[in-house]
Amino acid sequence: MPAPASLSASAALSSSCSGCHGAIGPALPGFGHLDAEALSARLATYKYDPTGTTVMHRLARGYSDEQIEMISAYLAMGQTND
């Protein structure tokens, strides 16, 4: 789980996710059923897939590994709606 000082940074990094995943943009599945490790693994798959061309691939490549860990921990805390 992110330290309290980094909680707002984690929230900021995670804010783009709700555009497609969650109450604001329920077009795609939410994250409620996934823990931080599973979320991190999925984001890393998008980031490091050399042939991926979806929006998720492009977004994930813009984050450092540390930022992916922060996003995953924050979303796993249930801070987004399913």
# chains A, B, ... in the order shown; residues from 1 in each chain; ligands from 1

call {"tool": "select_by_dssp", "arguments": {"residues": "stretch 7-66 of chain A", "states": "helix (DSSP H, G or I)", "output": "PyMOL selection string"}}
result
chain A and resi 7-19+36-48+55-61+65-66

call {"tool": "closest_residue", "arguments": {"among": "A:Gly78, A:Leu34, A:Ile71, A:Lys47", "to": "A:Ser8", "atoms": "only C-alpha atoms"}}
result
A:Ile71

call {"tool": "residues_around", "arguments": {"residues": "A:Arg61", "least_positions_apart": "4", "cutoff": "12 Å", "atoms": "only C-alpha atoms", "output": "count of residues only"}}
result
17

call {"tool": "closest_residue", "arguments": {"among": "A:Ala73, A:Leu28, A:Cys20, A:Ala38", "to": "A:Leu7", "atoms": "only C-alpha atoms"}}
result
A:Ala73

call {"tool": "closest_residue", "arguments": {"among": "A:Arg58, A:Thr51, A:Met77, A:Ala9", "to": "A:Phe31", "atoms": "only C-alpha atoms"}}
result
A:Met77

call {"tool": "atom_distance", "arguments": {"atom1": "atom CA of A:Arg42", "atom2": "atom CA of A:Ala60"}}
result
9.6 Å

call {"tool": "residues_around", "arguments": {"residues": "A:Ser15", "least_positions_apart": "3", "cutoff": "10 Å", "atoms": "only C-alpha atoms", "output": "list in words"}}
result
Ala9, Ser10, Ala11, Ala12, Ser18, Gly19, Ile71, Leu75 and Thr80 of chain A

call {"tool": "atom_distance", "arguments": {"atom1": "atom CA of A:Tyr74", "atom2": "atom CA of A:Gly62"}}
result
17.6 Å
